[in-house]
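Heads up: the structure comes next, in structure tokens.
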Amino acid sequence: MTGAASATDPDLLEYFAPLLRHLRNHRFQLSIVDELRVLTLHQELRRRGIRISDRIELVRVIAPIVCRSADEQERLSDILDSWKIVAERQAAGVARPTSNLQESRRAPADESPRPVPKVQAAIPAQAPWIPAPAVTSRSSAPRGRASNGSMPPNRRGFLPWVGGGAVLALLLIAYLLWVSLA
Amino acid sequence: MPDKDATQPDWWVVPQRGGTQGKAASLRLPEPFFNRYKDPDRYDPGAALIAAVNVALILGQPLLLTGEPGSGKTRLAYWLAAQMGLGDPLVQAVKSTTSGKDLLYSFDELARFRDAQSGASRPQQEYLEFGALGRAILFSGGRERRLKRDAGRSESPPTRDAGSALDTGALPQTHGALFSGDFPPAQRQVVLIDELDKAPRDTPNDLLTEIEGMEFPIPELGVRVMGDTENLPVVVITSNSDKGLPEPFLRRCVYHHIPPADDRRRREIVERQQPKLMVKESPLYDQAMEMFDTLHEAIGREGRRPGTAELLAWLDAIDAVYPPDCKVLRDDKIALAVTIKTLAKTADDVKLIARVLELDPSLVGLG
């Protein structure tokens, strides 16, 4: 494993999240555990001062984790050849994601290398894959309603539907009574 | 060799019947081929495989190696053990009946029953035989590490019940009491589990459970071996194919496939092994390497490509069979036909090689 890269060389493992997304788009079956394994490897290499700045070396360290067959191992190098995002992002000086794990779990991105977004356009916070749960207290807010009184998004439209159903039920009961009395 | 027939080639080593040496005469044979290339210092794993080894060590996960027979999967474990200063690896050759438990230990119930019938009593641990993984976990804690009583077992000494596994003597208390051989100091071990693809389908998953837990019960003795997680074994698993291994197992391993060596890489490997033919600077060496490249490609198109180990065997066969003064490999067709059988393992291979090398079919046993 090379550790000879200079401090100014990019560490390609910093960008493992978009890399894993790219691999998923190429039918690599990668789980959250695989991401954690890559993350663990990256942290350990960084702790040892090792930077993976060469694409061949990147293939060597990534392949044992992401490949499960000879076929995948053979394809990996070619797939990384098509992976331009890292270089493009770095060329544009875009800050790396604050959380590689969050970044990697975004919905699969477009296959083809995209034009590098402007820095300002790329920085806005992206919605995390799993939204943080809203902090609500049962004692301070009525059940089913947020503290500001508005309905939570997943319950909006629920009561009107229930109200309509109740009206229909009442009409049906009235009709049945009328029929039975008649 | 005094008992040779005049018509017998010089390199034949089988004594003639009725010779003065007799059947009981000791036959002087060269060192077996499989021993000749065992030196870990001459093993060349290549950069990609070394990277995979490093990843496995960093993640603390087993390294699963696949590749064609003869590609060097098994030798990697010996090389790694030598690199880590751990001597030889603990080896488990997997069979079609090997279960997850067999990788840990086996208990000879039959011998125990026989002894019980004959009145001969031995301590129960003498019926135990540890598998490679079991030994690695046992050794990880050292000789003095205490065994854990398994849940449900009484702390009081076992009764002498002839039908019970606990019928003889006191229960062992420490790891050292379970193993009668030389117990190494508490340290990490390299474990080689060879040809796991032969095992039943559940075995791979069982194996990982035991590695990750670093403990296993021995119900026959009512004890549990508690390994030291600080000395987690380095596990190398080989398989001739990634097919048939369960997906959950693959996900919990670090994987590397050793691809067939190309011509350049093959030369590197062979030169590192220093076969006799090369050391003697025989002109036959370069010719053989070039001929092998041709055959490798030709056979690869239609059948099973010979591996690097078979190439080394062929080079040794050339050294043994060809007359010392022979300078051109193709000049001695008989020797070529004889030695080429180290590469051709099926009738189709033999036909193909005879065709490529333009050998008389009768020379290779086809006529």
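Identifiers in the structure tokens: chain A, B, ... in order shown; residue index from 1 per chain; ligand index from 1 in order shown.
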
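Within the 7 Å cut-off around B:Ile193, using only C-alpha atoms and omitting residues fewer than 6 positions from it on the same chain, the listed residues are Val91, Gln92, Ala93, Val94, Val236, Ile237 and Thr238 of chain B.
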
Sorted by chain and rising residue number, list the residues of chain B at most 6 Å from chain A (counting only C-alpha atoms), each with its closest atom pair and distance in Å to one decimal, as a tab-separated table.
```
residue	atom	partner	partner_atom	distance
B:Ala48	CA	A:Arg60	CA	5.4
B:Ala51	CA	A:Met1	CA	5.8
B:Ala52	CA	A:Pro64	CA	5.6
B:Asp242	CA	A:Ser69	CA	6.0
B:Val254	CA	A:Pro64	CA	5.1
B:Tyr255	CA	A:Pro64	CA	4.6
B:His256	CA	A:Pro64	CA	5.6
B:His257	CA	A:Ala70	CA	5.5
```

Take the selection from the previous step and output its residues with C-alpha atoms, as a JSON list (two decimals), in the first residue's frame.
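Saved the output as again-v5.json:
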```
[["chain", "number", "residue", "atom", "x", "y", "z"],
["B", 48, "ALA", "CA", -3.16, -6.28, -5.50],
["B", 51, "ALA", "CA", -3.42, -4.67, -0.65],
["B", 52, "ALA", "CA", -6.27, -7.13, -0.02],
["B", 242, "ASP", "CA", -17.06, -17.75, -5.70],
["B", 254, "VAL", "CA", -12.65, -9.32, 2.35],
["B", 255, "TYR", "CA", -12.53, -10.74, -1.15],
["B", 256, "HIS", "CA", -9.79, -11.16, -3.70],
["B", 257, "HIS", "CA", -9.74, -13.16, -6.89]]
```

Using DSSP secondary structure from the backbone, list all strand (DSSP E or B) positions within stretch 133-232 of chain B, as a PDB file with N, CA, C and O atoms, in the first residue's frame.
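That gives us states_18.pdb:
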```pdb
ATOM      1  N   ARG B 146      -8.828 -19.577  31.854  1.00  0.00           N
ATOM      2  CA  ARG B 146      -9.810 -20.485  32.442  1.00  0.00           C
ATOM      3  C   ARG B 146     -10.978 -20.721  31.491  1.00  0.00           C
ATOM      4  O   ARG B 146     -11.414 -19.818  30.780  1.00  0.00           O
ATOM      5  N   LYS B 148     -14.887 -21.516  30.734  1.00  0.00           N
ATOM      6  CA  LYS B 148     -16.126 -21.090  31.376  1.00  0.00           C
ATOM      7  C   LYS B 148     -17.051 -22.307  31.488  1.00  0.00           C
ATOM      8  O   LYS B 148     -17.173 -23.074  30.529  1.00  0.00           O
ATOM      9  N   ARG B 149     -17.671 -22.451  32.669  1.00  0.00           N
ATOM     10  CA  ARG B 149     -18.680 -23.506  32.804  1.00  0.00           C
ATOM     11  C   ARG B 149     -19.879 -23.103  31.968  1.00  0.00           C
ATOM     12  O   ARG B 149     -20.326 -21.957  32.041  1.00  0.00           O
ATOM     13  N   THR B 174      -8.713 -25.265  32.585  1.00  0.00           N
ATOM     14  CA  THR B 174      -8.024 -24.243  31.780  1.00  0.00           C
ATOM     15  C   THR B 174      -7.909 -24.697  30.325  1.00  0.00           C
ATOM     16  O   THR B 174      -8.098 -25.881  30.017  1.00  0.00           O
ATOM     17  N   VAL B 190      -2.425 -17.540  12.281  1.00  0.00           N
ATOM     18  CA  VAL B 190      -2.971 -17.489  10.925  1.00  0.00           C
ATOM     19  C   VAL B 190      -3.669 -18.817  10.676  1.00  0.00           C
ATOM     20  O   VAL B 190      -3.087 -19.879  10.902  1.00  0.00           O
ATOM     21  N   VAL B 191      -4.923 -18.757  10.266  1.00  0.00           N
ATOM     22  CA  VAL B 191      -5.710 -19.967  10.022  1.00  0.00           C
ATOM     23  C   VAL B 191      -6.003 -20.062   8.525  1.00  0.00           C
ATOM     24  O   VAL B 191      -6.499 -19.102   7.932  1.00  0.00           O
ATOM     25  N   LEU B 192      -5.679 -21.190   7.956  1.00  0.00           N
ATOM     26  CA  LEU B 192      -5.994 -21.429   6.545  1.00  0.00           C
ATOM     27  C   LEU B 192      -7.139 -22.429   6.460  1.00  0.00           C
ATOM     28  O   LEU B 192      -7.027 -23.561   6.942  1.00  0.00           O
ATOM     29  N   ILE B 193      -8.232 -21.999   5.875  1.00  0.00           N
ATOM     30  CA  ILE B 193      -9.362 -22.902   5.637  1.00  0.00           C
ATOM     31  C   ILE B 193      -9.417 -23.115   4.131  1.00  0.00           C
ATOM     32  O   ILE B 193      -9.805 -22.228   3.374  1.00  0.00           O
ATOM     33  N   ASP B 194      -8.971 -24.301   3.752  1.00  0.00           N
ATOM     34  CA  ASP B 194      -8.675 -24.549   2.340  1.00  0.00           C
ATOM     35  C   ASP B 194      -9.851 -25.197   1.618  1.00  0.00           C
ATOM     36  O   ASP B 194     -10.359 -26.225   2.062  1.00  0.00           O
ATOM     37  N   GLU B 215     -15.484 -17.548  20.770  1.00  0.00           N
ATOM     38  CA  GLU B 215     -15.735 -18.518  21.833  1.00  0.00           C
ATOM     39  C   GLU B 215     -16.603 -19.622  21.258  1.00  0.00           C
ATOM     40  O   GLU B 215     -17.274 -19.414  20.238  1.00  0.00           O
ATOM     41  N   PHE B 216     -16.536 -20.762  21.864  1.00  0.00           N
ATOM     42  CA  PHE B 216     -17.415 -21.831  21.415  1.00  0.00           C
ATOM     43  C   PHE B 216     -17.602 -22.837  22.547  1.00  0.00           C
ATOM     44  O   PHE B 216     -16.704 -23.024  23.379  1.00  0.00           O
ATOM     45  N   PRO B 217     -18.772 -23.471  22.590  1.00  0.00           N
ATOM     46  CA  PRO B 217     -19.026 -24.427  23.660  1.00  0.00           C
ATOM     47  C   PRO B 217     -18.554 -25.826  23.277  1.00  0.00           C
ATOM     48  O   PRO B 217     -18.483 -26.161  22.090  1.00  0.00           O
ATOM     49  N   ILE B 218     -18.233 -26.585  24.286  1.00  0.00           N
ATOM     50  CA  ILE B 218     -17.996 -28.025  24.091  1.00  0.00           C
ATOM     51  C   ILE B 218     -19.002 -28.723  24.999  1.00  0.00           C
ATOM     52  O   ILE B 218     -18.714 -29.005  26.166  1.00  0.00           O
ATOM     53  N   VAL B 223     -18.223 -27.226  29.006  1.00  0.00           N
ATOM     54  CA  VAL B 223     -17.382 -26.034  29.163  1.00  0.00           C
ATOM     55  C   VAL B 223     -17.450 -25.197  27.894  1.00  0.00           C
ATOM     56  O   VAL B 223     -17.923 -25.657  26.839  1.00  0.00           O
ATOM     57  N   ARG B 224     -16.977 -23.986  28.017  1.00  0.00           N
ATOM     58  CA  ARG B 224     -16.946 -23.069  26.886  1.00  0.00           C
ATOM     59  C   ARG B 224     -15.530 -22.496  26.781  1.00  0.00           C
ATOM     60  O   ARG B 224     -14.983 -21.988  27.760  1.00  0.00           O
ATOM     61  N   VAL B 225     -14.965 -22.605  25.574  1.00  0.00           N
ATOM     62  CA  VAL B 225     -13.636 -22.028  25.341  1.00  0.00           C
ATOM     63  C   VAL B 225     -13.816 -20.545  25.075  1.00  0.00           C
ATOM     64  O   VAL B 225     -14.615 -20.155  24.218  1.00  0.00           O
ATOM     65  N   MET B 226     -13.094 -19.732  25.826  1.00  0.00           N
ATOM     66  CA  MET B 226     -13.228 -18.282  25.690  1.00  0.00           C
ATOM     67  C   MET B 226     -11.922 -17.730  25.137  1.00  0.00           C
ATOM     68  O   MET B 226     -10.923 -17.617  25.858  1.00  0.00           O
TER      69      MET B 226
END
```

Which residues come within 8 Å of B:Tyr105, counting only C-alpha atoms, excluding same-chain residues fewer than 2 positions away, as a PyMOL selection string?
chain B and resi 101-103+107+128-131+134

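Going from atom CA of B:Leu232 over to atom CA of B:Ile50, you cover 19.6 Å.
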
Two-atom distance - atom CA of B:Gln61, atom CA of B:Pro248 (Å)
13.4 Å

For atom CA of A:Leu39 and atom CA of B:Leu245, quote the distance in Å rounded to one decimal.
25.5 Å
